Amino acid sequence: MTGVRRPGLDSRTSAAWLAAASLAALAALVLVSFPFIHGHGPETGAIVGSWLPAAVVALVGALMLPWESMPREALLLVPLLLVGLVDVTGRWAPAVGPAYSPMVIVVFLFVGLTQRRYVSPLLLPFALVAWADSLHHAVNDQQIVRAVVISVVWILVAEVVAWRTADQARVRGELSAFAEKDALTGLDNRRALDARLVQPEPQTATIMIDIDHFKVLNDTFGHLEGDRVLADFAHVLAAVLRNGDRAFRYGGEEFVVIAPRTGLAGAQRLLGRVRKAWEVAHPEVTFSAGAAVWHEGESSQDVLGRADAALYRAKADGRDCWRVSDDPPPLVAAV
């Protein structure tokens with residue numbers, strides 16, 4: 001979820017399905033927990049009239065509503081609906097109303113799974129009002145103590161669950177970020193590049209850069225020196241890129257830069273800045289580059305291939321230069 005991206009809840013949709021299943025389970029539990037056959041016919045009708053439509057609405061909503069485009073707070077409608085049902089059922093079925101107070105724990109479990117920490121206390125007044133209203137008589141001292149104890153338990157349940165899920169989500173995010181980082185250069189790696197290339201923006205420039213004669217450098221000065229050159233080049237890239245541009249280590253001595261809203265002219269200006277800074281850092285080492293701009297209807301792999309082809313032209317032309325590819329993808333004739 002930009003929502004709710006939690007362990008066990010991959011999206012708001014799955015959270016909605018959890019809510020629907022919880023509501024249906026509560027409805028079933030209520031219907032089988034009391035001896036309705038012995039003189040509780042009217043209360044049976046009240047409970048069925050309250051819970052069964054809610055379970056159906058929740059199931060249909062889980063399937064039909066665009067949960068992914070809704071804010072996280074939209075999911076708070078689910079526990080508020082549950083609390084409202086507690087109150088409504090207690091009004092029309094007084095004999096079974098007090099049994100609903102333990103069930104409100106489902107509200108706080110759901111909040112803990114789907115919301116940030118400290119949200120559960122916001123729902124506590126609604127839960128307590130519904131619980132007190134379901135009693136239909138004056139609240140005595142014993143019930144007040146019970147309400148306090150239950151409130152503490154409810155909030156602890158929600159906050160512990162929210163803390164654990166947030167902590168697990170943080171760890172998972174750190175592991176995911178680590179998996180997309182190149183350990184030597186600190187740049188994003190090829191895995192992160194593949195994710196970035198899914199939906200390019202118009203006029204997005206893709207630039208492929210290759211350190212010239214890198215194998216000779218390694219063989220002459222050793223791999224430690226080669227690693228230092230790669231790390232320094234990554235530092236230069238990070239220093240000259242604009243906000244919104246991203247640099248990646250593609251593999252070996254190759255780097256890729258994705259520069260949105262740049263075009264070929266902007267890509268060449270960017271390469272000029274890289275060359276100027278690199279000549280200061282390592283004047284003895286040169287690089288070659290190829291650039292291409294994404295065209296509508298073209299796949300990201302196609303534009304990456306055109307940038308790679310431009311890079312190979314630069315190498316064929318003597319290295320220490322760059323070439324651009326402005327060839328649009330071939331048009332497919334309509335059938």
# chains A, B, ... in the order shown; residues from 1 in each chain; ligands from 1
>>> select_by_dssp(residues="segment 164-238 of chain A", states="strand (DSSP E)", output="PyMOL selection string")
chain A and resi 205-211
>>> residues_around(residues="Asn218 of chain A", least_positions_apart="3", cutoff="12 Å", atoms="only C-alpha atoms", output="short mmCIF file (atom, residue, chain, number, x, y, z; two decimals) with C-alpha atoms, in the first residue's frame")
data_model
loop_
_atom_site.label_atom_id
_atom_site.label_comp_id
_atom_site.auth_asym_id
_atom_site.auth_seq_id
_atom_site.Cartn_x
_atom_site.Cartn_y
_atom_site.Cartn_z
CA ILE A 211 35.70 3.02 -19.43
CA ASP A 212 38.23 2.74 -22.26
CA HIS A 213 40.87 -0.03 -22.14
CA PHE A 214 39.78 -1.04 -18.66
CA LYS A 215 41.25 -4.56 -18.98
CA PHE A 221 48.05 -1.59 -12.25
CA GLY A 222 46.04 -4.36 -10.57
CA HIS A 223 42.41 -4.86 -9.69
CA LEU A 224 42.56 -2.59 -6.65
CA GLU A 225 43.46 0.32 -8.90
CA GLY A 226 40.74 -0.70 -11.32
CA ASP A 227 38.20 -0.73 -8.49
CA ARG A 228 39.37 2.73 -7.41
CA VAL A 229 38.84 4.06 -10.95
CA LEU A 230 35.32 2.63 -11.06
CA GLY A 252 32.05 -4.53 -15.29
CA GLU A 253 33.28 -1.14 -16.46
CA VAL A 285 41.71 7.36 -18.25
#
>>> atom_distance(atom1="atom CA of Leu63 of chain A", atom2="atom CA of Phe126 of chain A")
27.1 Å
>>> closest_atom_pairs(of="segment 159-251 of chain A", to="segment 116-119 of chain A", cutoff="12 Å", atoms="only C-alpha atoms", output="Markdown table")
| residue | atom | partner | partner_atom | distance |
| --- | --- | --- | --- | --- |
| A:Glu159 | CA | A:Arg117 | CA | 6.0 |
| A:Val160 | CA | A:Arg117 | CA | 8.7 |
| A:Val161 | CA | A:Arg117 | CA | 8.9 |
| A:Ala162 | CA | A:Arg117 | CA | 5.5 |
| A:Trp163 | CA | A:Arg117 | CA | 6.5 |
| A:Arg164 | CA | A:Arg117 | CA | 10.0 |
| A:Thr165 | CA | A:Arg116 | CA | 9.4 |
| A:Ala166 | CA | A:Arg116 | CA | 7.7 |
| A:Asp167 | CA | A:Arg117 | CA | 11.0 |
| A:Ala169 | CA | A:Arg116 | CA | 11.6 |
>>> atom_distance(atom1="atom CA of Gly251 of chain A", atom2="atom CA of Asp182 of chain A")
9.4 Å
>>> select_by_dssp(residues="segment 101-287 of chain A", states="alpha helix (DSSP H)", output="number ranges by chain")
A: 105-114, 120-135, 141-179, 190-196, 214-221, 223-240, 263-281
>>> write_last_selection(atoms="C-alpha atoms", output="mmCIF file, in the first residue's frame")
data_model
loop_
_atom_site.group_PDB
_atom_site.id
_atom_site.type_symbol
_atom_site.label_atom_id
_atom_site.label_comp_id
_atom_site.auth_asym_id
_atom_site.auth_seq_id
_atom_site.Cartn_x
_atom_site.Cartn_y
_atom_site.Cartn_z
ATOM 1 C CA ILE A 105 -10.352 -6.544 19.234
ATOM 2 C CA VAL A 106 -10.674 -7.416 15.550
ATOM 3 C CA VAL A 107 -10.893 -3.679 14.880
ATOM 4 C CA PHE A 108 -7.552 -3.059 16.523
ATOM 5 C CA LEU A 109 -5.890 -6.058 14.916
ATOM 6 C CA PHE A 110 -6.965 -4.745 11.524
ATOM 7 C CA VAL A 111 -5.738 -1.225 12.350
ATOM 8 C CA GLY A 112 -2.409 -2.625 13.524
ATOM 9 C CA LEU A 113 -1.971 -4.517 10.271
ATOM 10 C CA THR A 114 -3.010 -1.754 7.898
ATOM 11 C CA SER A 120 -5.640 2.850 17.170
ATOM 12 C CA PRO A 121 -6.280 5.355 20.033
ATOM 13 C CA LEU A 122 -8.332 7.421 17.581
ATOM 14 C CA LEU A 123 -10.798 4.558 17.275
ATOM 15 C CA LEU A 124 -11.002 3.762 20.976
ATOM 16 C CA PRO A 125 -13.727 6.353 21.825
ATOM 17 C CA PHE A 126 -15.979 4.953 19.080
ATOM 18 C CA ALA A 127 -15.449 1.412 20.359
ATOM 19 C CA LEU A 128 -16.168 2.371 23.976
ATOM 20 C CA VAL A 129 -19.321 4.306 23.051
ATOM 21 C CA ALA A 130 -20.625 1.348 21.043
ATOM 22 C CA TRP A 131 -19.799 -1.056 23.860
ATOM 23 C CA ALA A 132 -21.472 1.105 26.532
ATOM 24 C CA ASP A 133 -24.519 1.666 24.347
ATOM 25 C CA SER A 134 -24.892 -2.073 23.789
ATOM 26 C CA LEU A 135 -25.297 -2.613 27.558
ATOM 27 C CA ASP A 141 -17.791 0.547 38.635
ATOM 28 C CA GLN A 142 -16.994 -3.037 37.706
ATOM 29 C CA GLN A 143 -17.824 -2.358 34.077
ATOM 30 C CA ILE A 144 -15.682 0.787 34.079
ATOM 31 C CA VAL A 145 -12.691 -1.201 35.357
ATOM 32 C CA ARG A 146 -13.384 -3.834 32.745
ATOM 33 C CA ALA A 147 -13.577 -1.163 30.018
ATOM 34 C CA VAL A 148 -10.225 0.300 31.101
ATOM 35 C CA VAL A 149 -8.546 -3.116 31.080
ATOM 36 C CA ILE A 150 -10.054 -4.021 27.724
ATOM 37 C CA SER A 151 -9.032 -0.618 26.280
ATOM 38 C CA VAL A 152 -5.422 -1.164 27.327
ATOM 39 C CA VAL A 153 -5.455 -4.671 25.833
ATOM 40 C CA TRP A 154 -7.022 -3.429 22.592
ATOM 41 C CA ILE A 155 -4.482 -0.643 22.127
ATOM 42 C CA LEU A 156 -1.544 -2.882 23.064
ATOM 43 C CA VAL A 157 -2.662 -5.442 20.518
ATOM 44 C CA ALA A 158 -2.932 -2.829 17.764
ATOM 45 C CA GLU A 159 0.281 -0.979 18.633
ATOM 46 C CA VAL A 160 2.393 -4.124 19.022
ATOM 47 C CA VAL A 161 1.118 -5.452 15.695
ATOM 48 C CA ALA A 162 1.684 -2.060 14.023
ATOM 49 C CA TRP A 163 5.197 -1.823 15.469
ATOM 50 C CA ARG A 164 6.096 -5.351 14.372
ATOM 51 C CA THR A 165 4.696 -4.962 10.868
ATOM 52 C CA ALA A 166 6.385 -1.568 10.437
ATOM 53 C CA ASP A 167 9.689 -2.992 11.669
ATOM 54 C CA GLN A 168 9.437 -5.947 9.305
ATOM 55 C CA ALA A 169 8.521 -3.631 6.437
ATOM 56 C CA ARG A 170 11.576 -1.474 7.254
ATOM 57 C CA VAL A 171 13.877 -4.497 7.287
ATOM 58 C CA ARG A 172 12.385 -5.775 4.057
ATOM 59 C CA GLY A 173 12.846 -2.349 2.460
ATOM 60 C CA GLU A 174 16.478 -2.210 3.591
ATOM 61 C CA LEU A 175 17.150 -5.663 2.168
ATOM 62 C CA SER A 176 15.448 -4.700 -1.090
ATOM 63 C CA ALA A 177 17.492 -1.495 -1.327
ATOM 64 C CA PHE A 178 20.690 -3.416 -0.541
ATOM 65 C CA ALA A 179 19.872 -5.922 -3.290
ATOM 66 C CA ARG A 190 21.244 -3.626 -13.061
ATOM 67 C CA ARG A 191 18.296 -4.957 -11.067
ATOM 68 C CA ALA A 192 17.331 -1.395 -10.144
ATOM 69 C CA LEU A 193 17.842 -0.312 -13.766
ATOM 70 C CA ASP A 194 15.370 -2.912 -15.007
ATOM 71 C CA ALA A 195 12.780 -1.563 -12.571
ATOM 72 C CA ARG A 196 13.442 2.054 -13.617
ATOM 73 C CA PHE A 214 39.781 -1.041 -18.658
ATOM 74 C CA LYS A 215 41.248 -4.563 -18.976
ATOM 75 C CA VAL A 216 44.658 -3.068 -19.768
ATOM 76 C CA LEU A 217 44.347 -0.829 -16.713
ATOM 77 C CA ASN A 218 43.543 -3.846 -14.522
ATOM 78 C CA ASP A 219 46.365 -5.930 -15.964
ATOM 79 C CA THR A 220 48.894 -3.100 -15.620
ATOM 80 C CA PHE A 221 48.051 -1.594 -12.247
ATOM 81 C CA HIS A 223 42.415 -4.860 -9.686
ATOM 82 C CA LEU A 224 42.556 -2.591 -6.650
ATOM 83 C CA GLU A 225 43.459 0.324 -8.898
ATOM 84 C CA GLY A 226 40.743 -0.704 -11.325
ATOM 85 C CA ASP A 227 38.198 -0.726 -8.490
ATOM 86 C CA ARG A 228 39.370 2.726 -7.411
ATOM 87 C CA VAL A 229 38.839 4.059 -10.947
ATOM 88 C CA LEU A 230 35.321 2.628 -11.064
ATOM 89 C CA ALA A 231 34.455 4.111 -7.663
ATOM 90 C CA ASP A 232 35.858 7.499 -8.698
ATOM 91 C CA PHE A 233 33.885 7.460 -11.948
ATOM 92 C CA ALA A 234 30.698 6.678 -10.022
ATOM 93 C CA HIS A 235 31.451 9.627 -7.726
ATOM 94 C CA VAL A 236 31.891 11.928 -10.733
ATOM 95 C CA LEU A 237 28.590 10.751 -12.224
ATOM 96 C CA ALA A 238 26.738 11.347 -8.959
ATOM 97 C CA ALA A 239 28.250 14.838 -8.713
ATOM 98 C CA VAL A 240 27.263 16.087 -12.175
ATOM 99 C CA GLY A 263 16.638 14.795 -25.283
ATOM 100 C CA LEU A 264 19.772 14.158 -27.292
ATOM 101 C CA ALA A 265 21.102 17.701 -26.944
ATOM 102 C CA GLY A 266 20.747 17.546 -23.176
ATOM 103 C CA ALA A 267 22.400 14.120 -23.116
ATOM 104 C CA GLN A 268 25.420 15.501 -24.925
ATOM 105 C CA ARG A 269 25.644 18.444 -22.538
ATOM 106 C CA LEU A 270 25.522 15.995 -19.645
ATOM 107 C CA LEU A 271 28.342 13.944 -21.180
ATOM 108 C CA GLY A 272 30.329 17.140 -21.584
ATOM 109 C CA ARG A 273 30.006 17.839 -17.855
ATOM 110 C CA VAL A 274 31.051 14.267 -17.066
ATOM 111 C CA ARG A 275 34.128 14.561 -19.306
ATOM 112 C CA LYS A 276 35.176 17.873 -17.783
ATOM 113 C CA ALA A 277 34.931 16.540 -14.227
ATOM 114 C CA TRP A 278 36.570 13.211 -15.141
ATOM 115 C CA GLU A 279 39.545 14.890 -16.789
ATOM 116 C CA VAL A 280 40.254 16.572 -13.468
ATOM 117 C CA ALA A 281 39.953 13.321 -11.484
#
